[in-house]
Structures are given as C-alpha cells and as structure tokens.
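Shown here: upload_9.cif, mmCIF, C-alpha atoms and all ligand atoms.
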```
data_work
loop_
_atom_site.group_PDB
_atom_site.id
_atom_site.type_symbol
_atom_site.label_atom_id
_atom_site.label_comp_id
_atom_site.auth_asym_id
_atom_site.auth_seq_id
_atom_site.Cartn_x
_atom_site.Cartn_y
_atom_site.Cartn_z
ATOM 1 C CA MET A 1 314.995 100.970 -142.283
ATOM 2 C CA SER A 2 313.317 98.346 -144.426
ATOM 3 C CA PRO A 3 309.521 98.394 -144.918
ATOM 4 C CA GLN A 4 309.213 95.049 -143.107
ATOM 5 C CA ARG A 5 310.890 96.494 -140.041
ATOM 6 C CA LEU A 6 308.535 99.441 -140.093
ATOM 7 C CA LEU A 7 305.590 97.072 -140.288
ATOM 8 C CA ILE A 8 306.830 95.044 -137.306
ATOM 9 C CA LEU A 9 307.413 98.246 -135.381
ATOM 10 C CA ALA A 10 303.893 99.408 -136.141
ATOM 11 C CA VAL A 11 302.440 96.094 -134.964
ATOM 12 C CA LEU A 12 304.503 96.205 -131.772
ATOM 13 C CA LEU A 13 303.394 99.760 -131.094
ATOM 14 C CA TYR A 14 299.787 98.724 -131.642
ATOM 15 C CA ILE A 15 300.109 95.800 -129.212
ATOM 16 C CA ALA A 16 301.808 98.027 -126.648
ATOM 17 C CA TRP A 17 299.045 100.590 -126.990
ATOM 18 C CA ARG A 18 296.394 97.911 -126.478
ATOM 19 C CA LEU A 19 298.179 96.626 -123.365
ATOM 20 C CA ILE A 20 298.499 100.106 -121.895
ATOM 21 C CA ARG A 21 294.852 100.805 -122.566
ATOM 22 C CA ASN A 22 293.846 97.574 -120.838
ATOM 23 C CA LEU A 23 296.025 98.415 -117.847
ATOM 24 C CA ILE A 24 294.501 101.862 -117.545
ATOM 25 C CA ARG A 25 291.008 100.441 -117.788
ATOM 26 C CA GLU A 26 291.768 97.842 -115.087
ATOM 27 C CA LYS A 27 293.165 100.509 -112.790
ATOM 28 C CA ILE A 28 290.085 102.654 -113.211
ATOM 29 C CA GLU A 29 287.836 99.668 -112.559
ATOM 30 C CA THR A 30 289.645 98.579 -109.392
ATOM 31 C CA GLU A 31 289.530 102.119 -108.088
ATOM 32 C CA ALA A 32 285.811 102.239 -108.746
ATOM 33 C CA GLU A 33 285.439 98.921 -106.935
ATOM 34 C CA LYS A 34 287.354 100.237 -103.938
ATOM 35 C CA ARG A 35 285.082 103.238 -103.818
ATOM 36 C CA GLN A 36 282.035 100.960 -103.929
ATOM 37 C CA LYS A 37 283.416 98.852 -101.089
ATOM 38 C CA LYS A 38 283.948 101.966 -99.011
ATOM 39 C CA GLU A 39 280.354 102.984 -99.660
ATOM 40 C CA THR A 40 279.062 99.613 -98.447
ATOM 41 C CA ASP A 41 281.097 99.926 -95.263
ATOM 42 C CA GLY A 42 278.354 98.689 -92.952
ATOM 43 C CA SER A 43 278.522 95.121 -94.200
ATOM 44 C CA THR A 44 282.200 94.266 -94.120
ATOM 45 C CA VAL A 45 283.196 91.898 -96.892
ATOM 46 C CA GLN A 46 284.559 88.653 -95.499
ATOM 47 C CA ASP A 47 287.853 88.109 -97.245
ATOM 48 C CA VAL A 48 289.015 85.357 -94.931
ATOM 49 C CA LEU A 49 291.232 82.652 -96.332
ATOM 50 C CA VAL A 50 290.128 79.112 -95.576
ATOM 51 C CA GLU A 51 292.143 75.945 -96.034
ATOM 52 C CA ASP A 52 291.055 73.119 -98.254
ATOM 53 C CA PRO A 53 291.437 69.973 -96.093
ATOM 54 C CA VAL A 54 292.113 67.824 -99.175
ATOM 55 C CA CYS A 55 294.779 69.702 -101.129
ATOM 56 C CA HIS A 56 295.606 72.303 -98.425
ATOM 57 C CA THR A 57 295.082 75.232 -100.754
ATOM 58 C CA LEU A 58 294.074 78.527 -99.214
ATOM 59 C CA ILE A 59 290.918 79.909 -100.820
ATOM 60 C CA PRO A 60 288.982 83.131 -100.141
ATOM 61 C CA LYS A 61 285.930 82.113 -98.132
ATOM 62 C CA HIS A 62 283.440 83.646 -100.526
ATOM 63 C CA GLN A 63 284.913 81.648 -103.419
ATOM 64 C CA ALA A 64 285.170 78.345 -101.611
ATOM 65 C CA ILE A 65 282.711 75.479 -101.878
ATOM 66 C CA ARG A 66 281.134 74.973 -98.475
ATOM 67 C CA LEU A 67 280.224 71.610 -97.103
ATOM 68 C CA ARG A 68 278.568 70.947 -93.782
ATOM 69 C CA HIS A 69 279.845 67.703 -92.334
ATOM 70 C CA ASP A 70 279.403 66.408 -88.759
ATOM 71 C CA GLY A 71 278.150 69.821 -87.706
ATOM 72 C CA LYS A 72 281.292 71.519 -88.961
ATOM 73 C CA ASP A 73 281.842 73.662 -92.021
ATOM 74 C CA PHE A 74 284.517 72.633 -94.486
ATOM 75 C CA TYR A 75 285.684 74.681 -97.439
ATOM 76 C CA PHE A 76 287.051 73.353 -100.707
ATOM 77 C CA CYS A 77 288.759 74.872 -103.714
ATOM 78 C CA SER A 78 286.780 72.730 -106.155
ATOM 79 C CA ASP A 79 284.023 70.142 -106.447
ATOM 80 C CA GLU A 80 286.754 67.578 -107.027
ATOM 81 C CA CYS A 81 288.236 68.137 -103.582
ATOM 82 C CA CYS A 82 284.779 68.148 -102.036
ATOM 83 C CA ASP A 83 284.063 64.776 -103.661
ATOM 84 C CA LYS A 84 287.383 63.384 -102.470
ATOM 85 C CA PHE A 85 286.635 64.531 -98.945
ATOM 86 C CA THR A 86 283.206 62.931 -98.865
ATOM 87 C CA GLY A 87 284.666 59.793 -100.432
ATOM 88 C CA LYS A 88 282.426 59.802 -103.453
ATOM 89 C CA PRO A 89 283.428 57.375 -106.192
ATOM 90 C CA GLY A 90 284.134 58.805 -109.604
ATOM 91 C CA GLY A 91 287.821 59.580 -109.559
ATOM 92 C CA SER A 92 290.140 57.395 -111.581
ATOM 93 C CA ALA A 93 292.213 55.573 -109.016
HETATM 94 ZN ZN ZN B 1 291.451 71.512 -103.292
#
```

Show this structure as structure tokens.
Amino acid sequence: MSPQRLLILAVLLYIAWRLIRNLIREKIETEAEKRQKKETDGSTVQDVLVEDPVCHTLIPKHQAIRLRHDGKDFYFCSDECCDKFTGKPGGSA
C-alpha cells in the first residue's frame, strides 16, 4: 500500500469515527428527551399537524405561526405564507 492510500484511509476512518460518535450522542440525547417527556406526563405535548392554507404544508402545531383571522385560528409554515394569506404587499409579483 502506498503512503497516500494509508493517509486517505486514516482520514476516512477519522470521518467515520466522528459520524459514529455523533450518532451515538444523538441517540443518547433523544432517549433523554423521551425520558423527560414521560416525566412531564401531566401536560401532554400537542404534536398535532396543522395545514398551511397557502402552500398546504403540514406543520407541527407548536412550530407553526398562528394567526387569528375572522375568529378562526390559521397556522402557517412561515411568515411569507402568513403575509400571502393576509394579502400584505411585499412579494415580487
Ligand atoms: Zn407555507
């Protein structure tokens, strides 16, 4: 094996090791999160998907931008969609 090949191999191994370490860390973190959610069982987390009326994307309710309009709640994926819905000028059209 040539020295260059060994170097490439070493770099690849290093990258692989970094990736594996990140994966392990993520797994540990998500498991810790799950445990936390179980502990706060009294207040159930609302993970409902809501539909953006402009682009029809489904967004988790807690992430969506809420707008109260005509006594109804609307949820948007972004400020852009919210602006489009309310008919605000600003978009290039
Ligand atoms: Zn949208």

Return as a PyMOL selection string the residues of protein, DNA or RNA that approach ligand ZN 1 (chain B) to within 8 Å, with only C-alpha atoms and all ligand atoms taken into account.
chain A and resi 52-57+76-78+80-82

To test the calculation: enclose all listed atoms of range 58-74 of chain A in a box whose edges run along x, y and z, add 5 Å on each side, then state centre and edge lengths in Å to one decimal, as lines of an AutoDock Vina configuration file.
```
center_x = 286.1
center_y = 75.0
center_z = -95.6
size_x = 25.9
size_y = 27.2
size_z = 25.7
```

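The space between CA of Ile24 in chain A and CA of Gln36 in chain A spans 18.5 Å.
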
Applied to the shown file, which residues does the PyMOL selection byres (((chain A and resi 63) around 12) and not hetatm) return, written as a PDB file with C-alpha atoms, keeping the file's coordinate frame?
```pdb
ATOM      1  CA  GLN A  46     284.559  88.653 -95.499  1.00  0.00           C
ATOM      2  CA  ASP A  47     287.853  88.109 -97.245  1.00  0.00           C
ATOM      3  CA  VAL A  48     289.015  85.357 -94.931  1.00  0.00           C
ATOM      4  CA  LEU A  49     291.232  82.652 -96.332  1.00  0.00           C
ATOM      5  CA  VAL A  50     290.128  79.112 -95.576  1.00  0.00           C
ATOM      6  CA  GLU A  51     292.143  75.945 -96.034  1.00  0.00           C
ATOM      7  CA  ASP A  52     291.055  73.119 -98.254  1.00  0.00           C
ATOM      8  CA  LEU A  58     294.074  78.527 -99.214  1.00  0.00           C
ATOM      9  CA  ILE A  59     290.918  79.909-100.820  1.00  0.00           C
ATOM     10  CA  PRO A  60     288.982  83.131-100.141  1.00  0.00           C
ATOM     11  CA  LYS A  61     285.930  82.113 -98.132  1.00  0.00           C
ATOM     12  CA  HIS A  62     283.440  83.646-100.526  1.00  0.00           C
ATOM     13  CA  ALA A  64     285.170  78.345-101.611  1.00  0.00           C
ATOM     14  CA  ILE A  65     282.711  75.479-101.878  1.00  0.00           C
ATOM     15  CA  ARG A  66     281.134  74.973 -98.475  1.00  0.00           C
ATOM     16  CA  TYR A  75     285.684  74.681 -97.439  1.00  0.00           C
ATOM     17  CA  PHE A  76     287.051  73.353-100.707  1.00  0.00           C
ATOM     18  CA  CYS A  77     288.759  74.872-103.714  1.00  0.00           C
ATOM     19  CA  SER A  78     286.780  72.730-106.155  1.00  0.00           C
ATOM     20  CA  ASP A  79     284.023  70.142-106.447  1.00  0.00           C
TER      21      ASP A  79
END
```

Mind giving me the straight-line distance from CA of His69 in chain A to CA of Gly87 in chain A in Å, one decimal?
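So the two atoms, CA of His69 in chain A and CA of Gly87 in chain A, lie 12.3 Å apart.
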
Pick from A:Thr86, A:Leu6, A:Ile20, A:Leu13: nearest to Asp70 in chain A, with only C-alpha atoms counted?
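The answer is A:Thr86, which sits nearest to Asp70 in chain A.
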
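With CA of Arg35 in chain A on one side and CA of Asn22 in chain A on the other, the separation reads 20.0 Å.
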